[in-house]
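Trainee: Just so it is clear, I am handing over final.pdb, which has PDB, C-alpha atoms.
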ATOM      1  CA  MET H 170       5.023  -8.912  -5.735
ATOM      2  CA  ASN H 171       8.199  -7.582  -7.291
ATOM      3  CA  ILE H 172       9.090  -4.118  -5.929
ATOM      4  CA  TRP H 173       9.381  -2.711  -9.447
ATOM      5  CA  LEU H 174       5.810  -3.759 -10.139
ATOM      6  CA  ILE H 175       4.762  -2.093  -6.857
ATOM      7  CA  PHE H 176       6.501   1.141  -7.887
ATOM      8  CA  VAL H 177       5.020   1.130 -11.395
ATOM      9  CA  LEU H 178       1.463   0.360 -10.222
ATOM     10  CA  GLY H 179       1.714   2.804  -7.295
ATOM     11  CA  GLY H 180       3.162   5.439  -9.627
ATOM     12  CA  LEU H 181       0.505   4.858 -12.295
ATOM     13  CA  LEU H 182      -2.330   5.146  -9.752
ATOM     14  CA  THR H 183      -0.790   8.317  -8.316
ATOM     15  CA  PHE H 184      -0.385   9.764 -11.797
ATOM     16  CA  ALA H 185      -3.945   8.764 -12.685
ATOM     17  CA  MET H 186      -5.289  10.731  -9.718
ATOM     18  CA  ARG H 187      -3.173  13.763 -10.596
ATOM     19  CA  PHE H 188      -4.218  13.566 -14.237
ATOM     20  CA  SER H 189      -7.900  12.716 -13.653
ATOM     21  CA  PHE H 190      -9.670  16.075 -13.543
ATOM     22  CA  ILE H 191      -7.000  17.872 -15.584
ATOM     23  CA  TYR H 192      -7.746  15.430 -18.402
ATOM     24  CA  ALA H 193     -11.496  15.313 -17.944
ATOM     25  CA  PHE H 194     -12.163  19.008 -17.396
ATOM     26  CA  GLY H 195     -15.525  19.982 -18.843
ATOM     27  CA  ARG H 196     -16.593  16.367 -19.300
ATOM     28  CA  PHE H 197     -17.522  15.957 -15.645
ATOM     29  CA  SER H 198     -16.851  17.889 -12.465
ATOM     30  CA  VAL H 199     -15.995  16.803  -8.946
ATOM     31  CA  PRO H 200     -19.105  15.450  -7.220
ATOM     32  CA  PRO H 201     -19.678  17.610  -4.102
ATOM     33  CA  ALA H 202     -19.734  14.542  -1.833
ATOM     34  CA  LEU H 203     -16.305  13.468  -3.094
ATOM     35  CA  HIS H 204     -14.982  16.980  -2.659
ATOM     36  CA  ARG H 205     -16.139  17.037   0.967
ATOM     37  CA  ALA H 206     -14.694  13.617   1.715
ATOM     38  CA  LEU H 207     -11.264  14.355   0.218
ATOM     39  CA  ARG H 208     -10.712  17.141   2.725
ATOM     40  CA  PHE H 209     -10.427  14.495   5.428
ATOM     41  CA  VAL H 210      -7.880  12.322   3.633
ATOM     42  CA  PRO H 211      -4.701  13.999   4.952
ATOM     43  CA  PRO H 212      -5.676  14.136   8.663
ATOM     44  CA  ALA H 213      -7.076  10.586   8.590
ATOM     45  CA  VAL H 214      -4.135   9.014   6.765
ATOM     46  CA  LEU H 215      -1.477  10.844   8.732
ATOM     47  CA  SER H 216      -3.069  10.067  12.118
ATOM     48  CA  ALA H 217      -3.462   6.424  11.139
ATOM     49  CA  ILE H 218       0.309   6.344  10.740
ATOM     50  CA  VAL H 219       1.191   8.494  13.773
ATOM     51  CA  PHE H 220      -0.920   6.758  16.445
ATOM     52  CA  PRO H 221       0.606   3.264  16.193
ATOM     53  CA  ALA H 222       4.112   4.687  15.652
ATOM     54  CA  VAL H 223       3.858   6.669  18.885
ATOM     55  CA  LEU H 224       1.569   4.567  21.087
ATOM     56  CA  MET H 225       2.731   1.062  20.129
ATOM     57  CA  PRO H 226       6.529   1.295  20.208
ATOM     58  CA  ASP H 227       7.036  -2.447  20.583
ATOM     59  CA  ASP H 228       3.922  -3.544  18.685
ATOM     60  CA  ARG H 229       1.744  -3.302  21.778
ATOM     61  CA  LEU H 230      -0.160  -0.429  23.344
ATOM     62  CA  GLU H 231       1.820   1.548  25.928
ATOM     63  CA  LEU H 232       0.137   4.621  27.390
ATOM     64  CA  GLY H 233       2.245   5.377  30.493
ATOM     65  CA  PHE H 234       5.294   7.511  31.205
ATOM     66  CA  GLY H 235       7.424   4.518  30.384
ATOM     67  CA  ASN H 236       6.683   5.187  26.708
ATOM     68  CA  HIS H 237       9.445   7.590  25.698
ATOM     69  CA  ARG H 238       8.033   8.115  22.224
ATOM     70  CA  LEU H 239       4.726   9.276  23.666
ATOM     71  CA  LEU H 240       6.455  11.928  25.808
ATOM     72  CA  ALA H 241       8.609  13.100  22.897
ATOM     73  CA  ALA H 242       5.556  13.211  20.619
ATOM     74  CA  ALA H 243       3.753  15.380  23.194
ATOM     75  CA  VAL H 244       6.634  17.850  22.989
ATOM     76  CA  ALA H 245       6.409  17.738  19.175
ATOM     77  CA  VAL H 246       2.643  18.375  19.256
ATOM     78  CA  ILE H 247       3.173  21.514  21.337
ATOM     79  CA  VAL H 248       5.960  22.762  19.048
ATOM     80  CA  ALA H 249       3.871  21.987  15.958
ATOM     81  CA  PHE H 250       0.935  23.886  17.395
ATOM     82  CA  TRP H 251       3.024  26.967  18.192
ATOM     83  CA  THR H 252       5.375  27.134  15.213
ATOM     84  CA  ARG H 253       3.234  25.415  12.529
ATOM     85  CA  LYS H 254       6.546  24.446  10.955
ATOM     86  CA  THR H 255       7.840  20.987  10.075
ATOM     87  CA  LEU H 256      11.551  21.259  10.710
ATOM     88  CA  PRO H 257      11.404  22.724  14.262
ATOM     89  CA  THR H 258       8.837  20.040  15.121
ATOM     90  CA  ILE H 259      11.066  17.198  13.940
ATOM     91  CA  ILE H 260      14.138  18.613  15.664
ATOM     92  CA  ALA H 261      12.272  19.237  18.946
ATOM     93  CA  GLY H 262      10.785  15.716  18.909
ATOM     94  CA  ILE H 263      14.088  13.977  18.185
ATOM     95  CA  ILE H 264      15.972  16.009  20.805
ATOM     96  CA  ALA H 265      13.204  15.373  23.351
ATOM     97  CA  LEU H 266      13.398  11.613  22.672
ATOM     98  CA  LEU H 267      17.185  11.581  23.028
ATOM     99  CA  ILE H 268      17.033  13.554  26.294
ATOM    100  CA  ILE H 269      14.261  11.379  27.762
ATOM    101  CA  GLN H 270      16.155   8.215  26.881
ATOM    102  CA  ALA H 271      19.363   9.620  28.347
ATOM    103  CA  VAL H 272      17.837  10.588  31.710
ATOM    104  CA  SER H 273      15.645   7.515  32.231
TER     105      SER H 273
ATOM    106  CA  MET D  37      10.984  32.949 -25.464
ATOM    107  CA  SER D  38      11.929  35.482 -22.798
ATOM    108  CA  GLU D  39       8.363  35.584 -21.574
ATOM    109  CA  LYS D  40       8.433  31.813 -21.044
ATOM    110  CA  LEU D  41      11.766  32.023 -19.302
ATOM    111  CA  ALA D  42      10.512  34.800 -17.047
ATOM    112  CA  MET D  43       7.496  32.654 -16.074
ATOM    113  CA  LEU D  44       9.702  29.615 -15.493
ATOM    114  CA  ARG D  45      11.936  31.685 -13.231
ATOM    115  CA  ALA D  46       8.961  33.144 -11.358
ATOM    116  CA  GLY D  47       7.718  29.595 -10.711
ATOM    117  CA  ILE D  48      11.095  28.520  -9.377
ATOM    118  CA  ARG D  49      11.257  31.617  -7.165
ATOM    119  CA  ALA D  50       7.781  30.996  -5.751
ATOM    120  CA  GLU D  51       8.741  27.404  -4.973
ATOM    121  CA  ALA D  52      12.061  28.267  -3.318
ATOM    122  CA  PRO D  53      10.855  28.891   0.268
ATOM    123  CA  ILE D  54       8.930  25.588   0.209
ATOM    124  CA  LEU D  55      12.061  23.734  -0.899
ATOM    125  CA  VAL D  56      13.773  24.572   2.383
ATOM    126  CA  GLY D  57      11.305  22.273   4.126
ATOM    127  CA  VAL D  58      11.327  19.637   1.389
ATOM    128  CA  PHE D  59      15.063  19.033   1.423
ATOM    129  CA  PRO D  60      15.299  17.520   4.932
ATOM    130  CA  PHE D  61      12.128  15.503   4.210
ATOM    131  CA  GLY D  62      13.878  13.965   1.175
ATOM    132  CA  LEU D  63      16.999  13.293   3.215
ATOM    133  CA  ILE D  64      14.949  11.439   5.798
ATOM    134  CA  TYR D  65      13.121   9.476   3.087
ATOM    135  CA  GLY D  66      16.408   8.336   1.569
ATOM    136  CA  ALA D  67      17.857   7.304   4.910
ATOM    137  CA  LEU D  68      14.665   5.508   5.988
ATOM    138  CA  ALA D  69      14.320   3.661   2.697
ATOM    139  CA  ARG D  70      17.859   2.315   3.052
ATOM    140  CA  ASN D  71      17.193   1.380   6.704
ATOM    141  CA  ALA D  72      14.029  -0.402   5.575
ATOM    142  CA  GLY D  73      16.203  -2.663   3.463
ATOM    143  CA  LEU D  74      15.665  -1.125   0.015
ATOM    144  CA  ALA D  75      18.737  -1.072  -2.204
ATOM    145  CA  ALA D  76      20.008   2.347  -3.303
ATOM    146  CA  PHE D  77      18.773   2.180  -6.905
ATOM    147  CA  PRO D  78      15.173   1.104  -6.184
ATOM    148  CA  ALA D  79      14.987   3.625  -3.329
ATOM    149  CA  GLN D  80      15.987   6.395  -5.742
ATOM    150  CA  MET D  81      13.673   5.170  -8.490
ATOM    151  CA  MET D  82      10.700   5.202  -6.141
ATOM    152  CA  SER D  83      11.323   8.960  -5.818
ATOM    153  CA  SER D  84      10.939   9.414  -9.568
ATOM    154  CA  ILE D  85       8.321   6.757 -10.382
ATOM    155  CA  VAL D  86       5.915   7.344  -7.489
ATOM    156  CA  PHE D  87       7.161  10.874  -6.713
ATOM    157  CA  ALA D  88       4.922  11.525  -3.676
ATOM    158  CA  GLY D  89       6.737  11.929  -0.361
ATOM    159  CA  SER D  90       4.457  10.620   2.352
ATOM    160  CA  SER D  91       3.327   7.614   0.293
ATOM    161  CA  GLN D  92       6.982   6.737  -0.338
ATOM    162  CA  PHE D  93       7.652   6.730   3.415
ATOM    163  CA  VAL D  94       4.716   4.429   4.035
ATOM    164  CA  ALA D  95       5.624   2.154   1.118
ATOM    165  CA  ALA D  96       9.208   1.799   2.358
ATOM    166  CA  LYS D  97       7.898   0.881   5.808
ATOM    167  CA  LEU D  98       5.454  -1.701   4.395
ATOM    168  CA  ILE D  99       8.157  -3.200   2.168
ATOM    169  CA  ALA D 100      10.366  -3.586   5.254
ATOM    170  CA  GLU D 101       7.486  -5.358   7.026
ATOM    171  CA  ALA D 102       7.024  -7.656   4.018
ATOM    172  CA  ALA D 103       3.408  -6.608   3.450
ATOM    173  CA  PRO D 104       1.793  -8.094   0.303
ATOM    174  CA  GLY D 105       2.380  -6.057  -2.873
ATOM    175  CA  ALA D 106      -1.317  -5.472  -3.507
ATOM    176  CA  VAL D 107      -1.712  -3.922  -0.053
ATOM    177  CA  ILE D 108       1.309  -1.673  -0.609
ATOM    178  CA  VAL D 109      -0.081  -0.457  -3.941
ATOM    179  CA  LEU D 110      -3.514   0.121  -2.403
ATOM    180  CA  THR D 111      -1.981   1.986   0.535
ATOM    181  CA  ILE D 112       0.008   4.247  -1.817
ATOM    182  CA  ALA D 113      -3.251   5.015  -3.634
ATOM    183  CA  VAL D 114      -5.145   5.859  -0.432
ATOM    184  CA  VAL D 115      -2.341   8.065   0.904
ATOM    185  CA  ASN D 116      -2.307   9.914  -2.438
ATOM    186  CA  LEU D 117      -6.081  10.321  -2.789
ATOM    187  CA  ARG D 118      -5.786  14.043  -2.038
ATOM    188  CA  HIS D 119      -4.191  14.577  -5.454
ATOM    189  CA  LEU D 120      -7.676  14.217  -6.923
ATOM    190  CA  LEU D 121      -8.467  17.519  -5.217
ATOM    191  CA  TYR D 122      -5.426  19.258  -6.645
ATOM    192  CA  SER D 123      -6.241  17.940 -10.086
ATOM    193  CA  ALA D 124      -9.795  19.229  -9.832
ATOM    194  CA  SER D 125      -8.555  22.556  -8.528
ATOM    195  CA  VAL D 126      -6.048  23.346 -11.301
ATOM    196  CA  ALA D 127      -8.062  21.740 -14.119
ATOM    197  CA  GLU D 128      -9.793  24.936 -15.245
ATOM    198  CA  TYR D 129      -6.475  26.794 -15.480
ATOM    199  CA  VAL D 130      -4.769  24.264 -17.738
ATOM    200  CA  ARG D 131      -7.774  23.211 -19.837
ATOM    201  CA  ASP D 132      -6.508  24.841 -23.068
ATOM    202  CA  LEU D 133      -3.049  23.270 -22.979
ATOM    203  CA  PRO D 134      -2.033  20.484 -25.360
ATOM    204  CA  LEU D 135      -2.223  16.936 -24.000
ATOM    205  CA  ARG D 136       1.562  16.569 -23.643
ATOM    206  CA  TRP D 137       1.596  19.585 -21.314
ATOM    207  CA  LYS D 138      -1.301  18.183 -19.302
ATOM    208  CA  ILE D 139       0.578  14.902 -18.871
ATOM    209  CA  LEU D 140       3.818  16.613 -17.865
ATOM    210  CA  LEU D 141       2.168  18.997 -15.404
ATOM    211  CA  SER D 142       0.068  16.161 -13.920
ATOM    212  CA  TYR D 143       3.229  14.187 -13.202
ATOM    213  CA  LEU D 144       4.644  17.266 -11.438
ATOM    214  CA  LEU D 145       1.449  17.982  -9.435
ATOM    215  CA  THR D 146       2.709  17.414  -5.879
ATOM    216  CA  ASP D 147       1.458  19.060  -2.671
ATOM    217  CA  GLU D 148       4.263  21.610  -2.846
ATOM    218  CA  ALA D 149       4.020  22.434  -6.568
ATOM    219  CA  TYR D 150       0.257  22.777  -6.182
ATOM    220  CA  ALA D 151       0.645  25.149  -3.230
ATOM    221  CA  ALA D 152       2.832  27.591  -5.194
ATOM    222  CA  THR D 153       0.991  27.282  -8.505
ATOM    223  CA  ILE D 154      -2.579  27.697  -7.268
ATOM    224  CA  VAL D 155      -1.634  30.944  -5.523
ATOM    225  CA  HIS D 156      -0.234  32.230  -8.817
ATOM    226  CA  TYR D 157      -3.305  31.221 -10.831
ATOM    227  CA  GLU D 158      -5.686  32.682  -8.269
ATOM    228  CA  THR D 159      -3.900  36.041  -8.100
ATOM    229  CA  ALA D 160      -2.611  36.494 -11.658
ATOM    230  CA  GLY D 161      -5.226  34.476 -13.550
ATOM    231  CA  VAL D 162      -4.321  32.553 -16.705
ATOM    232  CA  GLU D 163      -1.837  34.338 -18.946
ATOM    233  CA  ARG D 164      -0.458  33.082 -22.227
ATOM    234  CA  GLU D 165       2.614  31.462 -20.676
ATOM    235  CA  SER D 166       1.247  30.628 -17.201
ATOM    236  CA  HIS D 167       1.991  26.947 -17.656
ATOM    237  CA  TRP D 168       5.710  27.776 -17.599
ATOM    238  CA  PHE D 169       5.227  29.043 -14.043
ATOM    239  CA  PHE D 170       3.648  25.683 -13.115
ATOM    240  CA  LEU D 171       6.536  23.911 -14.867
ATOM    241  CA  GLY D 172       9.119  26.010 -12.994
ATOM    242  CA  ALA D 173       7.556  25.281  -9.605
ATOM    243  CA  GLY D 174       7.131  21.586 -10.455
ATOM    244  CA  LEU D 175      10.657  21.089 -11.784
ATOM    245  CA  ALA D 176      12.220  22.960  -8.847
ATOM    246  CA  LEU D 177      10.422  20.595  -6.474
ATOM    247  CA  TRP D 178      11.238  17.533  -8.600
ATOM    248  CA  THR D 179      14.941  18.346  -8.716
ATOM    249  CA  THR D 180      15.093  19.039  -4.985
ATOM    250  CA  TRP D 181      13.260  15.805  -4.180
ATOM    251  CA  GLN D 182      15.573  13.683  -6.364
ATOM    252  CA  ALA D 183      18.722  15.347  -5.007
ATOM    253  CA  SER D 184      17.695  15.171  -1.347
ATOM    254  CA  SER D 185      16.543  11.531  -1.716
ATOM    255  CA  ALA D 186      19.903  10.685  -3.275
ATOM    256  CA  LEU D 187      21.802  12.380  -0.492
ATOM    257  CA  GLY D 188      19.693  10.601   2.143
ATOM    258  CA  ILE D 189      20.213   7.243   0.410
ATOM    259  CA  PHE D 190      23.942   7.922   0.237
ATOM    260  CA  ALA D 191      24.253   9.156   3.837
ATOM    261  CA  GLY D 192      21.628   6.823   5.297
ATOM    262  CA  ALA D 193      23.975   3.924   5.961
ATOM    263  CA  ALA D 194      26.315   6.250   7.860
ATOM    264  CA  ILE D 195      23.624   7.553  10.238
ATOM    265  CA  PRO D 196      23.793   5.678  13.559
ATOM    266  CA  SER D 197      20.521   4.065  14.639
ATOM    267  CA  THR D 198      20.801   5.807  18.030
ATOM    268  CA  TRP D 199      19.763   9.010  16.224
ATOM    269  CA  ARG D 200      16.203   7.632  16.072
ATOM    270  CA  LEU D 201      15.643   8.743  12.496
ATOM    271  CA  ASP D 202      12.655   6.412  12.140
ATOM    272  CA  PHE D 203      10.891   8.632  14.656
ATOM    273  CA  ALA D 204      11.236  11.535  12.209
ATOM    274  CA  LEU D 205       8.333  10.141  10.153
ATOM    275  CA  PRO D 206       5.612  10.387  12.832
ATOM    276  CA  LEU D 207       7.110  13.740  13.844
ATOM    277  CA  THR D 208       6.813  15.043  10.291
ATOM    278  CA  PHE D 209       3.190  13.941  10.143
ATOM    279  CA  ILE D 210       2.487  15.504  13.548
ATOM    280  CA  ALA D 211       3.809  18.779  12.138
ATOM    281  CA  MET D 212       1.460  18.468   9.158
ATOM    282  CA  VAL D 213      -1.675  17.449  11.086
ATOM    283  CA  VAL D 214      -1.602  19.414  14.339
ATOM    284  CA  PRO D 215      -2.110  22.895  12.811
ATOM    285  CA  THR D 216      -5.283  21.657  11.038
ATOM    286  CA  LEU D 217      -6.944  20.259  14.176
ATOM    287  CA  LEU D 218      -8.770  23.435  15.199
ATOM    288  CA  ASP D 219     -11.504  22.430  12.749
ATOM    289  CA  PHE D 220     -13.873  20.055  14.597
ATOM    290  CA  PRO D 221     -14.732  17.512  11.852
ATOM    291  CA  VAL D 222     -11.038  17.395  10.869
ATOM    292  CA  ALA D 223     -10.013  16.727  14.474
ATOM    293  CA  ALA D 224     -12.681  14.018  14.771
ATOM    294  CA  ALA D 225     -11.520  12.397  11.525
ATOM    295  CA  ALA D 226      -7.922  12.408  12.778
ATOM    296  CA  LEU D 227      -8.790  11.010  16.211
ATOM    297  CA  THR D 228     -11.085   8.320  14.804
ATOM    298  CA  ALA D 229      -8.501   7.207  12.244
ATOM    299  CA  GLY D 230      -5.826   7.114  14.948
ATOM    300  CA  VAL D 231      -7.890   4.997  17.333
ATOM    301  CA  VAL D 232      -9.015   2.625  14.580
ATOM    302  CA  ALA D 233      -5.379   2.278  13.500
ATOM    303  CA  LEU D 234      -4.526   1.093  17.023
ATOM    304  CA  LEU D 235      -7.473  -1.323  17.151
ATOM    305  CA  ALA D 236      -6.813  -2.633  13.637
ATOM    306  CA  TYR D 237      -3.062  -2.932  14.079
ATOM    307  CA  GLY D 238      -3.204  -6.705  14.091
ATOM    308  CA  LEU D 239      -5.266  -6.993  10.910
ATOM    309  CA  PRO D 240      -3.725  -9.337   8.368
ATOM    310  CA  TYR D 241      -1.840  -8.026   5.342
ATOM    311  CA  LYS D 242      -1.182  -4.661   7.036
ATOM    312  CA  LEU D 243      -4.683  -3.551   6.048
ATOM    313  CA  GLY D 244      -5.045  -1.545   9.277
ATOM    314  CA  LEU D 245      -3.855   1.729   7.765
ATOM    315  CA  ILE D 246      -6.353   1.647   4.907
ATOM    316  CA  ALA D 247      -9.202   0.627   7.216
ATOM    317  CA  ALA D 248      -8.335   3.396   9.692
ATOM    318  CA  ALA D 249      -8.060   6.052   6.992
ATOM    319  CA  LEU D 250     -11.416   5.117   5.457
ATOM    320  CA  VAL D 251     -13.242   5.077   8.815
ATOM    321  CA  GLY D 252     -11.668   8.450   9.699
ATOM    322  CA  ILE D 253     -12.709   9.986   6.381
ATOM    323  CA  GLY D 254     -16.211   8.605   6.895
ATOM    324  CA  MET D 255     -16.416  10.066  10.397
ATOM    325  CA  GLY D 256     -15.306  13.520   9.222
ATOM    326  CA  THR D 257     -17.793  13.519   6.361
ATOM    327  CA  PHE D 258     -20.601  12.343   8.621
ATOM    328  CA  LEU D 259     -19.961  15.021  11.268
ATOM    329  CA  GLU D 260     -19.671  17.780   8.692
ATOM    330  CA  LYS D 261     -22.967  16.830   7.111
ATOM    331  CA  ARG D 262     -24.691  17.007  10.501
ATOM    332  CA  ALA D 263     -23.203  20.386  11.419
TER     333      ALA D 263
END
Take the structure I supplied and represent it as structure tokens, if you would.
Mentor:
Amino acid sequence: MNIWLIFVLGGLLTFAMRFSFIYAFGRFSVPPALHRALRFVPPAVLSAIVFPAVLMPDDRLELGFGNHRLLAAAVAVIVAFWTRKTLPTIIAGIIALLIIQAVS
Amino acid sequence: MSEKLAMLRAGIRAEAPILVGVFPFGLIYGALARNAGLAAFPAQMMSSIVFAGSSQFVAAKLIAEAAPGAVIVLTIAVVNLRHLLYSASVAEYVRDLPLRWKILLSYLLTDEAYAATIVHYETAGVERESHWFFLGAGLALWTTWQASSALGIFAGAAIPSTWRLDFALPLTFIAMVVPTLLDFPVAAAALTAGVVALLAYGLPYKLGLIAAALVGIGMGTFLEKRA
């Protein structure tokens, strides 16, 4: 598929979701079941991206200390938990990865 | 007129602290999109056509991996599902606006614009020119996103690969997810989706992400219902 078609379809679907209830207000409301389920979209989607990126650095599972990304991600998790801020988390994780790679 | 302008300015001011975090995110998007093999113009246009940060990251990655177009479109949709919630949440506040305003504000309804605007609506209620606040917050975010993407696209080629910028994406998502994990069903949804993503990594057409997200959402919903 042409990338422009991907952008237009992806953009239209995204717009449709943003527009949906704004447009339809009063005609129907959010079903409670949908409302409950949507709460889990961000943690599920984000974890589905994070786990393979961290645990499968070369497209296969690597759970030991030899996996530098896993160690750096552990540092990032701790920083994220304490600061609850994005930028310090990214910086800490990148610096941790660079240090671990330099010393190993 | 001055009342509209005052609202527009208030919206921009409310959005300003959030923009500090958005700017580096846009930079990283631009650099990653270029590294993923997207040309400068399409990479920039994705920021205005799709205009949803995390889905743009994922799309750039899938394009680099030559995933089928239909899967990329579907993945963008799943990553952006949460916008349904925002739409439902602001709907009552914008119900009396003309259609052209509803269309414009819907286009601008990102995570960050929503965060600033909903606080305003919930504290100040709906005033005559409230939609200008929404517009101010939305446009401030839009402008920042376009500018930071452009800068990242421009600078991306100059960033050495030893800087490990691709690792910035999982790190960003870690920063977004970790603070929410104290809630048990949320943590279970995240863990389930993560494990399924590992198991489903080899699925054809890069369908693993969608499968993992749906199973995770199902797990969270199931556990919450039981609690």
Trainee: Ranking H:Ile260, H:Thr255, H:Asp228, H:Ala243 by minimum distance to chain D and counting all atoms listed in the file, which one comes first?
Mentor: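 Nearest to chain D: H:Thr255.
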Trainee: Using the chain letters and numbers from the file, give me the residues hit by the ChimeraX specification (/D :<8) & /H, as a VMD selection string.
Mentor: chain H and resid 170 to 173 175 to 184 186 to 192 194 198 to 199 204 to 223 225 230 242 245 to 246 249 to 250 253 to 256 258 to 259 262 to 263 267
Trainee: D:Leu68: which residues within 8 Å, counting all atoms listed in the file, same-chain residues fewer than 3 positions away excluded, as an NGL selection string?
Mentor: :D and (64-65 or 71-72 or 93 or 96 or 192 or 201-202)
Trainee: Write the selection just made, keeping C-alpha atoms, as a PDB file, in the coordinates of the input?
Mentor:
ATOM      1  CA  ILE D  64      14.949  11.439   5.798  1.00  0.00           C
ATOM      2  CA  TYR D  65      13.121   9.476   3.087  1.00  0.00           C
ATOM      3  CA  ASN D  71      17.193   1.380   6.704  1.00  0.00           C
ATOM      4  CA  ALA D  72      14.029  -0.402   5.575  1.00  0.00           C
ATOM      5  CA  PHE D  93       7.652   6.730   3.415  1.00  0.00           C
ATOM      6  CA  ALA D  96       9.208   1.799   2.358  1.00  0.00           C
ATOM      7  CA  GLY D 192      21.628   6.823   5.297  1.00  0.00           C
ATOM      8  CA  LEU D 201      15.643   8.743  12.496  1.00  0.00           C
ATOM      9  CA  ASP D 202      12.655   6.412  12.140  1.00  0.00           C
TER      10      ASP D 202
END
Trainee: Selected by the PyMOL selection byres ((chain D and resi 62) around 9) in the shown coordinates: which residues, as a short mmCIF file (atom, residue, chain, number, x, y, z; two decimals) with C-alpha atoms, in the frame of the given file?
Mentor:
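And here is the file that came out, part-v5.cif:
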data_model
loop_
_atom_site.label_atom_id
_atom_site.label_comp_id
_atom_site.auth_asym_id
_atom_site.auth_seq_id
_atom_site.Cartn_x
_atom_site.Cartn_y
_atom_site.Cartn_z
CA VAL D 58 11.33 19.64 1.39
CA PHE D 59 15.06 19.03 1.42
CA PRO D 60 15.30 17.52 4.93
CA PHE D 61 12.13 15.50 4.21
CA LEU D 63 17.00 13.29 3.22
CA ILE D 64 14.95 11.44 5.80
CA TYR D 65 13.12 9.48 3.09
CA GLY D 66 16.41 8.34 1.57
CA ALA D 67 17.86 7.30 4.91
CA SER D 83 11.32 8.96 -5.82
CA GLY D 89 6.74 11.93 -0.36
CA THR D 180 15.09 19.04 -4.99
CA TRP D 181 13.26 15.80 -4.18
CA GLN D 182 15.57 13.68 -6.36
CA ALA D 183 18.72 15.35 -5.01
CA SER D 184 17.70 15.17 -1.35
CA SER D 185 16.54 11.53 -1.72
CA ALA D 186 19.90 10.68 -3.28
CA LEU D 187 21.80 12.38 -0.49
CA GLY D 188 19.69 10.60 2.14
#
Trainee: Do you have the atom CA of D:Ala149-atom CA of D:His167 distance handy?
Mentor: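 Between these atoms lies a distance of 12.1 Å.
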Trainee: Just checking: using only C-alpha atoms, which residue out of D:Arg70, D:Trp137, D:Leu243, D:Ile189 ends up closest to D:Glu165?
Mentor: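 Between D:Arg70, D:Trp137, D:Leu243, D:Ile189, the residue approaching D:Glu165 most closely is D:Trp137.
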Trainee: Separation of atom CA of D:Glu158 and atom CA of D:Arg45, in Å?
Mentor: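 Atom-to-atom, atom CA of D:Glu158 and atom CA of D:Arg45 are spaced 18.3 Å apart.
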Trainee: Take the PyMOL selection byres ((chain H and resi 237) around 10), run it mentally on this structure, and tell me the resulting residues as a ChimeraX atom specification.
Mentor: /H:223-224,226,231-236,238-243,265-270,273
Trainee: State, in Å with one decimal place, the distance from atom CA of H:Ala202 to atom CA of D:Arg262.
Mentor: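 Distance reported for this atom pair: 13.5 Å.
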Trainee: Name the residues in contact with D:Ala151 at a cut-off of 10 Å, using all atoms listed in the file, excluding same-chain residues fewer than 2 positions from it; report them as a list in words.
Mentor: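 Contacts, with the query itself left out: Ala50, Glu51, Ile54, Tyr122, Leu145, Thr146, Asp147, Glu148, Ala149, Thr153, Ile154, Val155, His156 and Ala173 of chain D.
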